[in-house]
Protein chains: 4
Amino acid sequence: MNSENFLAGERLVNAAYVRQGWQGRRAHELRVRTLLEQGKCPEEGWDESTIELFLHELAIMDSNNFLGNCGVGEREGRVASQIVARRHYRLIHGIGRSGDIAAVQPKAAGSSLLNKLTNSVVLDILKLAGVQATSSCFVVPMATGMSLTLCFLTLRHRRPKARYILWPRIDQKSCFKSMVTAGFEPVVIENVLEGDELRTDLQAVEAKILDLGPEHVLCVHSTTSCFAPRVPDRQLWAVTLHCANPTFTRLKRNFLSCRIDAFVQSLDKNFMVPVGGAVIAGFSDAFIQEISKMYPGRASSSPSLDVLITLLSLGTKGYRQLLRERKEMFSYLSMEVKKLAENYNERLLDTPHNPISLAMSLRELDERNPEAVTQLGSMLFTRQVSGARVVSLGTLQTVSGYTFKGFMAHADQYLCSYLNAASAIGIKKEDVEMFLKRLGKCLKALRRGKDQQDGPLLPNVDMDADMEKCKIGEGDDPKTLFAA
Amino acid sequence: MNSENFLAGERLVNAAYVRQGWQGRRAHELRVRTLLEQGKCPEEGWDESTIELFLHELAIMDSNNFLGNCGVGEREGRVASQIVARRHYRLIHGIGRSGDIAAVQPKAAGSSLLNKLTNSVVLDILKLAGVQATSSCFVVPMATGMSLTLCFLTLRHRRPKARYILWPRIDQKSCFKSMVTAGFEPVVIENVLEGDELRTDLQAVEAKILDLGPEHVLCVHSTTSCFAPRVPDRQLWAVTLHCANPTFTRLKRNFLSCRIDAFVQSLDKNFMVPVGGAVIAGFSDAFIQEISKMYPGRASSSPSLDVLITLLSLGTKGYRQLLRERKEMFSYLSMEVKKLAENYNERLLDTPHNPISLAMSLRELDERNPEAVTQLGSMLFTRQVSGARVVSLGTLQTVSGYTFKGFMAHADQYLCSYLNAASAIGIKKEDVEMFLKRLGKCLKALRRGKDQQDGPLLPNVDMDADMEKCKIGEGDDPKTLFAA
Amino acid sequence: MNSENFLAGERLVNAAYVRQGWQGRRAHELRVRTLLEQGKCPEEGWDESTIELFLHELAIMDSNNFLGNCGVGEREGRVASQIVARRHYRLIHGIGRSGDIAAVQPKAAGSSLLNKLTNSVVLDILKLAGVQATSSCFVVPMATGMSLTLCFLTLRHRRPKARYILWPRIDQKSCFKSMVTAGFEPVVIENVLEGDELRTDLQAVEAKILDLGPEHVLCVHSTTSCFAPRVPDRQLWAVTLHCANPTFTRLKRNFLSCRIDAFVQSLDKNFMVPVGGAVIAGFSDAFIQEISKMYPGRASSSPSLDVLITLLSLGTKGYRQLLRERKEMFSYLSMEVKKLAENYNERLLDTPHNPISLAMSLRELDERNPEAVTQLGSMLFTRQVSGARVVSLGTLQTVSGYTFKGFMAHADQYLCSYLNAASAIGIKKEDVEMFLKRLGKCLKALRRGKDQQDGPLLPNVDMDADMEKCKIGEGDDPKTLFAA
Amino acid sequence: MNSENFLAGERLVNAAYVRQGWQGRRAHELRVRTLLEQGKCPEEGWDESTIELFLHELAIMDSNNFLGNCGVGEREGRVASQIVARRHYRLIHGIGRSGDIAAVQPKAAGSSLLNKLTNSVVLDILKLAGVQATSSCFVVPMATGMSLTLCFLTLRHRRPKARYILWPRIDQKSCFKSMVTAGFEPVVIENVLEGDELRTDLQAVEAKILDLGPEHVLCVHSTTSCFAPRVPDRQLWAVTLHCANPTFTRLKRNFLSCRIDAFVQSLDKNFMVPVGGAVIAGFSDAFIQEISKMYPGRASSSPSLDVLITLLSLGTKGYRQLLRERKEMFSYLSMEVKKLAENYNERLLDTPHNPISLAMSLRELDERNPEAVTQLGSMLFTRQVSGARVVSLGTLQTVSGYTFKGFMAHADQYLCSYLNAASAIGIKKEDVEMFLKRLGKCLKALRRGKDQQDGPLLPNVDMDADMEKCKIGEGDDPKTLFAA
């Protein structure tokens, strides 16, 4: 609807009303202009109608939506299914060009704007969330691990002699694999124990660098978001590159004083979007641009679209509110797990430097019956508790050809078995409450010596009643079962 | 996206590309302007993206979507569910005002435009489809029957002494009820038989008017869309109002020379939209406006929205194509039913004046076993043939307190039992083919003396194989059944 | 996904995970079963995924969605536009049959379930909201006014001699028109003034019934939802039918002891859905069924679908919460308008019996400058305050041929001009705050003698800043304007 | 809706109708079961309602949609925006696990099924489209180039001494970059000219392998989908890995006899989905699995979802039809370009071995005015012809640090300048017609010596009329422009 259309509308409907309609439209346009001009996340979140209108507007700027377009190439944004076209708001051309994932496409002005705006708004939020010195970033439609691989591959061109990446141990598979996939040899630096906390052994890192020869070391690869009792590092003198996978809180506190070449964050964990995207960010425009130019080909715009929609709908106000709630829930969770642990002769591990993940010891449970520890994990799973992780001691596991002892525990032999829980962004009070209730019941059942799953275990649990009705017993025959 | 927004966009993305995007946008706007200026159905159908963009644009002209709106009334377009908001494209205020269903609402310029445009585009199509003299029409979110009632109620104010409506018999319930609901006494005029066709007895109509006194007769109420062997009327000298429920073909041929005060058509039958709307049209602006002012209150815009979307997406080209296909399918259906009938010693009734519905005699079937006729109906139903109607002779039925003999057959005693099928707009060749195949099988089974539904009745029917696998036998226990 | 499908799934994905998925599915099914078995609004609202899954499930029970269906009738649920199909969840057949709007359709089991469930869930909510004795109700896709007309038309068959409907005056157009449309003569009963309140003159009603002869009076038609200073009636001895248009609060308090044949409520006002539907309810199943059988034809299922989606998503918990908030906002609005009024030498009219609408006198404003009263209305409109109604004294208006003095004020000559505002369901605190702020500014501007709309009227109003930027000045040329 | 729900439904609606509804449901379920059991693309495409119902069913099997789920981990499928949740059908958990992109996730049975089914259905289509020996494949949410990089990185572990990749020249940037990004040194093998065709120089490949030492060569990297006059290779004895980016036609004809370790195809080009995904396939399960295990982390399910929706909606029947139409359009395009070329003293280059892309010489145009060649490209762009590519001779271009002469032409010095056009899957007859019309006009204008863009260039072009109205002139001021 442009001015001519409004004037045409006045012939059908009272001019005063049409003008008020036009005034209403102006307010939506003003929002869009502010976004385009400032490239910042709006303070107030946008309603769905503004967001969808904006996406429709972007879409009709792409050549595949031109009414008079004719395509005689191989990449014309043709879509066979209307379901698919709709779910992408008809933004089909992806982002970037073969030369640079952040580049602009001649055929797709709308998708190109989407790409630029997303990176700009995400940069704004990274600064707001604490990493104020961030100078550049881009969204990439790859897992965090694969994004790390891309960073390592880029760095290889800067340090052609390097063969090793130093890796202060943090037991997360794709983090480890990212180095192997990139063709480097990970050098594991075992952690040191301080109280209950496991920390990076900085002396060992330094010694290893000297030992291997600095020119043979690509970088120190530190992952700052980690399961307790591992805690993020306080000081780091990264030799060349510090590829982090941090959450904001930690990054803010710990790394600003060191040299960090780039850091990578998963979109789903930090922005509450579907799995599969990451943001690669850093403090030097040149290096970040080097990485973005390293991606060969055009990429999916789907993660960028998700992040942009999400941040526009939240606004900085909404995003800050989520950060605040996460923090509050962490306090609440810690306090309540502490109480529960004490009832069972266990304790909340003392890991004050990990602000997101906590751990409750399972020492006594393990001593009474080593199988009970894994049984607890399984009981929580069948009770629809997700994300709680039970860690037994001394498990051997091989990852990409490397064998680790005590994998998941960040150490060959930690003090005791334990259970992890975390308060991540988006967590709700009812998540914590249900978790505590169900965990309490499981611990009680285990103390009594069995998992009375089929018996009247939870007769008086109102909030869980529906779930219970739907539960499948272990011995149930699936054929009968599904028939019910 | 207005000009300022595009200029802002040029700071992010190459200006040449943004301008091409803007040029793409102009083409969409041009379509909209043409629609607003001419109020006609476009020749070429619009793609979904133009339609949805247009609806979003209309929506933001309504006050409930104003970003700065504050509402302190009782009717503010508030919607509790986002599902509901989305499915109506946030057009919540309905159409019309308490004074007139066609009137413009101050709070809702967008919805008002929608209403005006829909009526204007529908008028265009009515003319195109054959009723060229139509001068005025409006869409009303009520069934055809209720819309007829509204017409009768309006006419009452013009003819205060009238108590009767003359109704040349046509056995369709809501058609009959519409008169009773309006508070009038229907006077049934039995049909005359000409060959196989049942026609309005024009002499009887005339005689009855004189008999009752013209001032006591509200109108002659003729329904032109009817099941064969009833055929629409060739000549009508309606006394005051002729409320028709025609399809276009018939209306075009039959009624243009007579006085018709208004005619009513169902939206679903003629425009392939969901059930529940009608269009009230006529040849005098004044009377049509009188009817639109008679509706007390604001009305649902849902049927108007459906019709507008449908006509914009079809374009006149697409609509004409549908009309053409319907006609072709009628020829095909007639020819094939004729052949099939002859194989079973039955015949296609000779009803050349009914271009949509046809009838095949079931005389021999009835003679051999009167129950077989109703059984045939039931067999077709369970085989997912819908819309085929079996008519037995002499059924008594009471409608709104009036008892009819031979109801459904338009006559106390027609020549024979029969089966109806029709070729309505939107019918596909595969509908006809599947119908013929299934009807053939049913007739064959009945000749053999039983409906072998559970046996290997249709073992070699490839196209129906899937359906057969899903079929429920008559004797099956539902409990077991659903469990499968 | 039935049991066979889950078993097939287990061949692709770990059986334990598929079973947990199946368990998850069971919980959704359990909700649906409870709904089907009890026909009540669930306590907890359903999330969107359950609702949409349920609607998809209903849709595939309708014959138009059968994979093997072939249609050879005229009403086969064919839809030309996929946009239209989707927005109705492919529920195309509408509700009811020609015989009864509440009846079940053979071709459409899913739509029929939708219809039954909606009426049942709405009945549950009517009881919950206070009208506990309600025994029967049905949703009808017509405006409140047209629904009242249908009630009157039904009643005509019970009271064939009746010509009059007694109407205690309440100035709302479609309410008045509903009687005229039905063909009855409205007999206006002027109100009595008690303090600031206008009340039904019960003596006058009684006298008029005797005067006209009870057999000539169809019913007393009382509208209980009304703009202050009109208040709903405390006692009513309706002669035969009491067609009300109440909100729940009032109905609960006032009418349960009297004979009420039926009451009609608009869906949009009471259930926060789009305009265009009503619920007809009563205390006698027989009479309500009589009305539902009076509607000639099948009807749109769109309003039923909206109401069902809305109530399932709110749950009784959410609905009660909305009722609570409405009440709180009324108190807040009253208190603040009172304060504001006093600043301007006006007062909040004392209408304690109207719990939804309130009125603030505009006596002094009117005395100083009679034009200022209408100017205030216009100023509020251009400032995007909707629903606030300015009532000047003594306006003459003709409605359906009847001329009223002081129309909108419910009285020939009320005490003073005034401004209405209301706290209806769904109102938000920010609505009230913005209203008060803008009203204050308008009153201030008027006191200073002019509407300084183009000047720096609202320089420091943060919350309104965006709106202001988009505002069109009175003298602006639209051509220039839209071009900006 | 399970059996209990249907039984509950029978209490509300006639049992016979509910059962027919259930029978309708069974047919949808049967389709799903066949898919789950066979893992093949259905012959007949599914309608949207079956597809959406199936996706909803998958979604409720994922833990983030469990009604009783409580999450205390960092990756719980939380989504902040409902727009985002809906557009992914609430499938949030992505695909794969940290260990393997093809692995099953405990938290997400539905997403895991989606992943398995997509890979299985794509495999079925790869076979159908000609590469019958394909034994294994998986969809990866990365560009073709990045996917090639992943293949090279995987192969590095098998051939630790390799430093080079042999690359028969084919001028496509991301294809080249994929090797550099993986850290290998591309060794360019210049093409040989046979007639108009440019072909891989097989002798040179062989010689280079021997020269470098086979153990130092990672693989020969051949790209089979290429712009004419380059044609795909007839014979290849790949040393270790042949990473192809083929279209089916070519692959079928050329490579089945050679050793190919893996081939990569872009999803958008071959399956008409949005840009950003690829399929990695091969003839050895072990190696393909090795690649899938190399991807570090969980990945976006968005491309998998798009492909699955698309193939289910097309069915093998629809897909075959698309392949057929593509072929027909190629013949038509060739024939018409040939005619047009001859009118302008140019010719269609003779490249019979390239079945998708063709080239028309621009020799005379170039000779008369070298600038006209690039001008032609620009004219086509502004006339909304997309995908037509103008290639001038002798351009120098640097890609990832390597400088190429005649880049885009696959040769240092090709015979002449030329214009490319292609007939890719999804092309429509009107694309070809509009292209020919516009190309003809541009050539005519250039012959006359200028691009009369603002003049009455295309006065009698009906089909292009709308576009013309929207066109921006070169000299137009954007400010004025956008204002119009």
# chains A, B, ... in the order shown; residues from 1 in each chain; ligands from 1

call {"tool": "residues_around", "arguments": {"residues": "region 428-443 of chain C", "least_positions_apart": "6", "cutoff": "7 Å", "atoms": "only C-alpha atoms", "output": "PyMOL selection string"}}
result
(chain B and resi 70-72) or (chain C and resi 329+333+376+379+385)

call {"tool": "residues_around", "arguments": {"residues": "region 185-193 of chain A", "least_positions_apart": "2", "cutoff": "8 Å", "atoms": "only C-alpha atoms", "output": "JSON, numbers by chain"}}
result
{"A": [163, 164, 165, 166, 167, 168, 169, 176, 179, 180, 183, 195, 196, 197, 198, 199, 200, 201, 204, 205, 410, 411]}

call {"tool": "closest_residue", "arguments": {"among": "D:Lys293, D:Arg158, D:Arg11, D:Arg19", "to": "chain B", "atoms": "only C-alpha atoms"}}
result
D:Arg19

call {"tool": "atom_distance", "arguments": {"atom1": "CA of Phe283 (chain D)", "atom2": "CA of Met142 (chain A)"}}
result
26.0 Å

call {"tool": "select_by_dssp", "arguments": {"residues": "region 259-345 of chain C", "states": "alpha helix (DSSP H)", "output": "MDAnalysis selection string"}}
result
chainID C and resid 267:271 285:294 302:343

call {"tool": "write_last_selection", "arguments": {"atoms": "C-alpha atoms", "output": "PDB file, in the first residue's frame"}}
result
ATOM      1  CA  LEU C 267     -19.259 -13.818  21.092  1.00  0.00           C
ATOM      2  CA  ASP C 268     -16.763 -11.044  20.453  1.00  0.00           C
ATOM      3  CA  LYS C 269     -17.611  -9.100  23.604  1.00  0.00           C
ATOM      4  CA  ASN C 270     -17.694 -12.094  25.870  1.00  0.00           C
ATOM      5  CA  PHE C 271     -15.153 -14.457  24.382  1.00  0.00           C
ATOM      6  CA  ASP C 285     -34.034 -27.144  26.295  1.00  0.00           C
ATOM      7  CA  ALA C 286     -37.231 -27.311  24.272  1.00  0.00           C
ATOM      8  CA  PHE C 287     -37.389 -23.636  23.415  1.00  0.00           C
ATOM      9  CA  ILE C 288     -33.687 -23.322  22.626  1.00  0.00           C
ATOM     10  CA  GLN C 289     -33.979 -26.317  20.328  1.00  0.00           C
ATOM     11  CA  GLU C 290     -36.997 -24.711  18.690  1.00  0.00           C
ATOM     12  CA  ILE C 291     -34.850 -21.699  17.866  1.00  0.00           C
ATOM     13  CA  SER C 292     -31.988 -23.788  16.535  1.00  0.00           C
ATOM     14  CA  LYS C 293     -34.433 -25.611  14.260  1.00  0.00           C
ATOM     15  CA  MET C 294     -35.712 -22.311  12.962  1.00  0.00           C
ATOM     16  CA  SER C 302     -16.016 -20.067  11.614  1.00  0.00           C
ATOM     17  CA  PRO C 303     -17.338 -18.410  14.816  1.00  0.00           C
ATOM     18  CA  SER C 304     -17.699 -21.810  16.497  1.00  0.00           C
ATOM     19  CA  LEU C 305     -14.145 -22.661  15.586  1.00  0.00           C
ATOM     20  CA  ASP C 306     -12.917 -19.348  17.004  1.00  0.00           C
ATOM     21  CA  VAL C 307     -14.733 -19.809  20.274  1.00  0.00           C
ATOM     22  CA  LEU C 308     -13.578 -23.379  20.717  1.00  0.00           C
ATOM     23  CA  ILE C 309      -9.947 -22.507  20.004  1.00  0.00           C
ATOM     24  CA  THR C 310     -10.176 -19.571  22.387  1.00  0.00           C
ATOM     25  CA  LEU C 311     -11.716 -21.451  25.278  1.00  0.00           C
ATOM     26  CA  LEU C 312      -9.393 -24.421  24.889  1.00  0.00           C
ATOM     27  CA  SER C 313      -6.406 -22.110  24.898  1.00  0.00           C
ATOM     28  CA  LEU C 314      -7.584 -20.125  27.925  1.00  0.00           C
ATOM     29  CA  GLY C 315      -8.994 -22.942  30.013  1.00  0.00           C
ATOM     30  CA  THR C 316     -11.369 -22.057  32.815  1.00  0.00           C
ATOM     31  CA  LYS C 317      -8.374 -20.806  34.736  1.00  0.00           C
ATOM     32  CA  GLY C 318      -7.482 -18.308  32.052  1.00  0.00           C
ATOM     33  CA  TYR C 319     -11.064 -17.256  31.573  1.00  0.00           C
ATOM     34  CA  ARG C 320     -11.596 -16.633  35.253  1.00  0.00           C
ATOM     35  CA  GLN C 321      -8.399 -14.628  35.287  1.00  0.00           C
ATOM     36  CA  LEU C 322      -9.735 -12.418  32.510  1.00  0.00           C
ATOM     37  CA  LEU C 323     -12.959 -11.839  34.431  1.00  0.00           C
ATOM     38  CA  ARG C 324     -10.953 -10.910  37.508  1.00  0.00           C
ATOM     39  CA  GLU C 325      -8.752  -8.470  35.657  1.00  0.00           C
ATOM     40  CA  ARG C 326     -11.744  -6.830  34.027  1.00  0.00           C
ATOM     41  CA  LYS C 327     -13.212  -6.187  37.441  1.00  0.00           C
ATOM     42  CA  GLU C 328      -9.978  -4.784  38.823  1.00  0.00           C
ATOM     43  CA  MET C 329      -9.566  -2.538  35.815  1.00  0.00           C
ATOM     44  CA  PHE C 330     -13.081  -1.231  36.316  1.00  0.00           C
ATOM     45  CA  SER C 331     -12.235  -0.151  39.841  1.00  0.00           C
ATOM     46  CA  TYR C 332      -9.025   1.437  38.688  1.00  0.00           C
ATOM     47  CA  LEU C 333     -10.692   3.197  35.778  1.00  0.00           C
ATOM     48  CA  SER C 334     -13.498   4.505  38.007  1.00  0.00           C
ATOM     49  CA  MET C 335     -11.111   5.816  40.606  1.00  0.00           C
ATOM     50  CA  GLU C 336      -8.874   7.564  38.123  1.00  0.00           C
ATOM     51  CA  VAL C 337     -11.694   9.051  36.055  1.00  0.00           C
ATOM     52  CA  LYS C 338     -13.147  10.350  39.283  1.00  0.00           C
ATOM     53  CA  LYS C 339      -9.904  12.156  40.105  1.00  0.00           C
ATOM     54  CA  LEU C 340      -9.493  13.525  36.622  1.00  0.00           C
ATOM     55  CA  ALA C 341     -13.107  14.713  36.517  1.00  0.00           C
ATOM     56  CA  GLU C 342     -12.680  16.619  39.732  1.00  0.00           C
ATOM     57  CA  ASN C 343      -9.673  18.466  38.309  1.00  0.00           C
TER      58      ASN C 343
END

call {"tool": "closest_atom_pairs", "arguments": {"of": "chain C", "to": "chain D", "cutoff": "6 Å", "atoms": "only C-alpha atoms", "output": "CSV"}}
result
residue,atom,partner,partner_atom,distance
C:Asn5,CA,D:Arg33,CA,5.0
C:Ala8,CA,D:Glu37,CA,5.5
C:Tyr17,CA,D:Ala109,CA,5.4
C:Val18,CA,D:Ala109,CA,5.5
C:Gly21,CA,D:Met61,CA,3.7
C:Gly24,CA,D:Phe66,CA,5.1
C:Arg25,CA,D:Ile60,CA,5.9
C:Arg33,CA,D:Asn5,CA,5.0
C:Leu36,CA,D:Ala8,CA,5.6
C:Glu37,CA,D:Ala8,CA,5.5
C:Ile60,CA,D:Arg25,CA,5.9
C:Met61,CA,D:Gly21,CA,3.7
C:Phe66,CA,D:Gly24,CA,5.1
C:Pro106,CA,D:Tyr17,CA,5.6
C:Ala109,CA,D:Tyr17,CA,5.5
C:Ala483,CA,D:Ala483,CA,4.9

call {"tool": "write_last_selection", "arguments": {"atoms": "C-alpha atoms", "output": "short mmCIF file (atom, residue, chain, number, x, y, z; two decimals), in the first residue's frame"}}
result
data_model
loop_
_atom_site.label_atom_id
_atom_site.label_comp_id
_atom_site.auth_asym_id
_atom_site.auth_seq_id
_atom_site.Cartn_x
_atom_site.Cartn_y
_atom_site.Cartn_z
CA ASN C 5 3.01 -46.70 12.91
CA ALA C 8 7.22 -49.24 12.32
CA TYR C 17 12.82 -43.26 22.53
CA VAL C 18 9.86 -44.05 20.30
CA GLY C 21 7.44 -40.28 22.15
CA GLY C 24 4.12 -37.97 25.05
CA ARG C 25 1.42 -38.46 22.47
CA ARG C 33 -10.58 -37.73 25.43
CA LEU C 36 -14.92 -35.51 24.33
CA GLU C 37 -16.19 -37.37 27.35
CA ILE C 60 -9.61 -35.68 8.45
CA MET C 61 -12.93 -37.04 9.70
CA PHE C 66 -11.04 -38.43 2.69
CA PRO C 106 -23.37 -37.34 7.67
CA ALA C 109 -18.25 -36.09 11.39
CA ALA C 483 4.29 10.37 -0.27
#

call {"tool": "closest_residue", "arguments": {"among": "D:Ile209, D:Ile170, D:Ala299, D:Cys175", "to": "Thr144 (chain A)", "atoms": "only C-alpha atoms"}}
result
D:Ala299

call {"tool": "residues_around", "arguments": {"residues": "Ala182 (chain A)", "least_positions_apart": "2", "cutoff": "8 Å", "atoms": "only C-alpha atoms", "output": "compact mmCIF listing (two decimals) with C-alpha atoms, in the first residue's frame"}}
result
# COMPACT_ATOMS: atom_id res chain seq x y z
CA THR A 149 36.26 -26.23 12.89
CA LEU A 150 35.81 -23.37 10.44
CA PHE A 152 40.56 -23.52 13.11
CA LEU A 153 40.70 -23.95 9.34
CA SER A 178 35.90 -29.90 16.21
CA MET A 179 39.70 -30.00 16.47
CA VAL A 180 40.05 -33.51 15.07
CA PHE A 184 44.73 -30.95 14.19
CA LEU D 153 38.60 -33.36 5.99
CA ALA D 182 40.01 -27.76 3.98

call {"tool": "select_by_dssp", "arguments": {"residues": "region 203-411 of chain B", "states": "strand (DSSP E or B)", "output": "MDAnalysis selection string"}}
result
chainID B and resid 217:220 230 242:244 262:266 278:282 299 348 357:361 385:386 389:391 396:399 402:405

call {"tool": "residues_around", "arguments": {"residues": "His88 (chain C)", "least_positions_apart": "3", "cutoff": "9 Å", "atoms": "only C-alpha atoms", "output": "compact mmCIF listing (two decimals) with N, CA and C atoms, in the first residue's frame"}}
result
# COMPACT_ATOMS: atom_id res chain seq x y z
N ARG B 87 -5.54 -16.61 11.93
CA ARG B 87 -6.34 -17.20 10.86
C ARG B 87 -7.28 -16.17 10.23
N PRO B 274 -15.82 -22.23 2.09
CA PRO B 274 -16.54 -22.98 3.12
C PRO B 274 -18.01 -22.58 3.21
N ILE C 83 -5.14 -21.07 0.61
CA ILE C 83 -5.12 -20.14 1.75
C ILE C 83 -6.40 -20.32 2.56
N VAL C 84 -7.51 -20.37 1.85
CA VAL C 84 -8.81 -20.52 2.51
C VAL C 84 -8.88 -21.87 3.21
N ALA C 85 -8.47 -22.93 2.54
CA ALA C 85 -8.51 -24.26 3.14
C ALA C 85 -7.72 -24.27 4.46
N LEU C 91 -11.76 -27.52 7.56
CA LEU C 91 -13.12 -27.82 8.02
C LEU C 91 -14.06 -26.95 7.19
N ILE C 92 -14.63 -27.52 6.16
CA ILE C 92 -15.28 -26.73 5.12
C ILE C 92 -16.80 -26.85 5.13
N SER C 301 -19.06 -22.39 10.18
CA SER C 301 -18.50 -22.90 11.43
C SER C 301 -17.40 -21.99 11.96
N SER C 302 -17.15 -20.90 11.26
CA SER C 302 -16.02 -20.07 11.61
C SER C 302 -16.12 -19.49 13.03
N LEU C 305 -15.56 -22.29 15.55
CA LEU C 305 -14.15 -22.66 15.59
C LEU C 305 -13.35 -21.66 16.44

call {"tool": "closest_residue", "arguments": {"among": "A:Arg389, A:Arg75, A:Arg448, A:His157", "to": "Ala421 (chain A)", "atoms": "only C-alpha atoms"}}
result
A:Arg389

call {"tool": "residues_around", "arguments": {"residues": "region 364-368 of chain D", "least_positions_apart": "5", "cutoff": "12 Å", "atoms": "only C-alpha atoms", "output": "list in words"}}
result
Ala341, Glu342, Asn343, Tyr344, Asn345, Glu346, Arg347, Val373, Thr374, Gln375, Leu376, Val390, Val391, Ser392, Leu393, Leu415, Cys416, Ser417, Tyr418, Leu419, Cys442, Leu443, Lys444, Ala445, Leu446, Arg447, Arg448 and Gly449 of chain D

call {"tool": "decode", "arguments": {"residues": "region 385-398 of chain D", "atoms": "C-alpha atoms", "output": "PDB file, in the first residue's frame"}}
result
ATOM      1  CA  VAL D 385      16.054 -11.967 -16.329  1.00  0.00           C
ATOM      2  CA  SER D 386      17.914 -13.906 -13.719  1.00  0.00           C
ATOM      3  CA  GLY D 387      20.429 -16.681 -14.187  1.00  0.00           C
ATOM      4  CA  ALA D 388      21.540 -15.650 -17.657  1.00  0.00           C
ATOM      5  CA  ARG D 389      25.276 -15.128 -17.448  1.00  0.00           C
ATOM      6  CA  VAL D 390      27.422 -13.099 -19.813  1.00  0.00           C
ATOM      7  CA  VAL D 391      31.054 -14.229 -20.088  1.00  0.00           C
ATOM      8  CA  SER D 392      33.689 -11.866 -21.474  1.00  0.00           C
ATOM      9  CA  LEU D 393      37.053 -13.194 -22.439  1.00  0.00           C
ATOM     10  CA  GLY D 394      40.240 -12.879 -20.560  1.00  0.00           C
ATOM     11  CA  THR D 395      39.028 -11.547 -17.236  1.00  0.00           C
ATOM     12  CA  LEU D 396      41.568 -11.885 -14.451  1.00  0.00           C
ATOM     13  CA  GLN D 397      40.182 -12.928 -11.089  1.00  0.00           C
ATOM     14  CA  THR D 398      41.728 -13.967  -7.811  1.00  0.00           C
TER      15      THR D 398
END
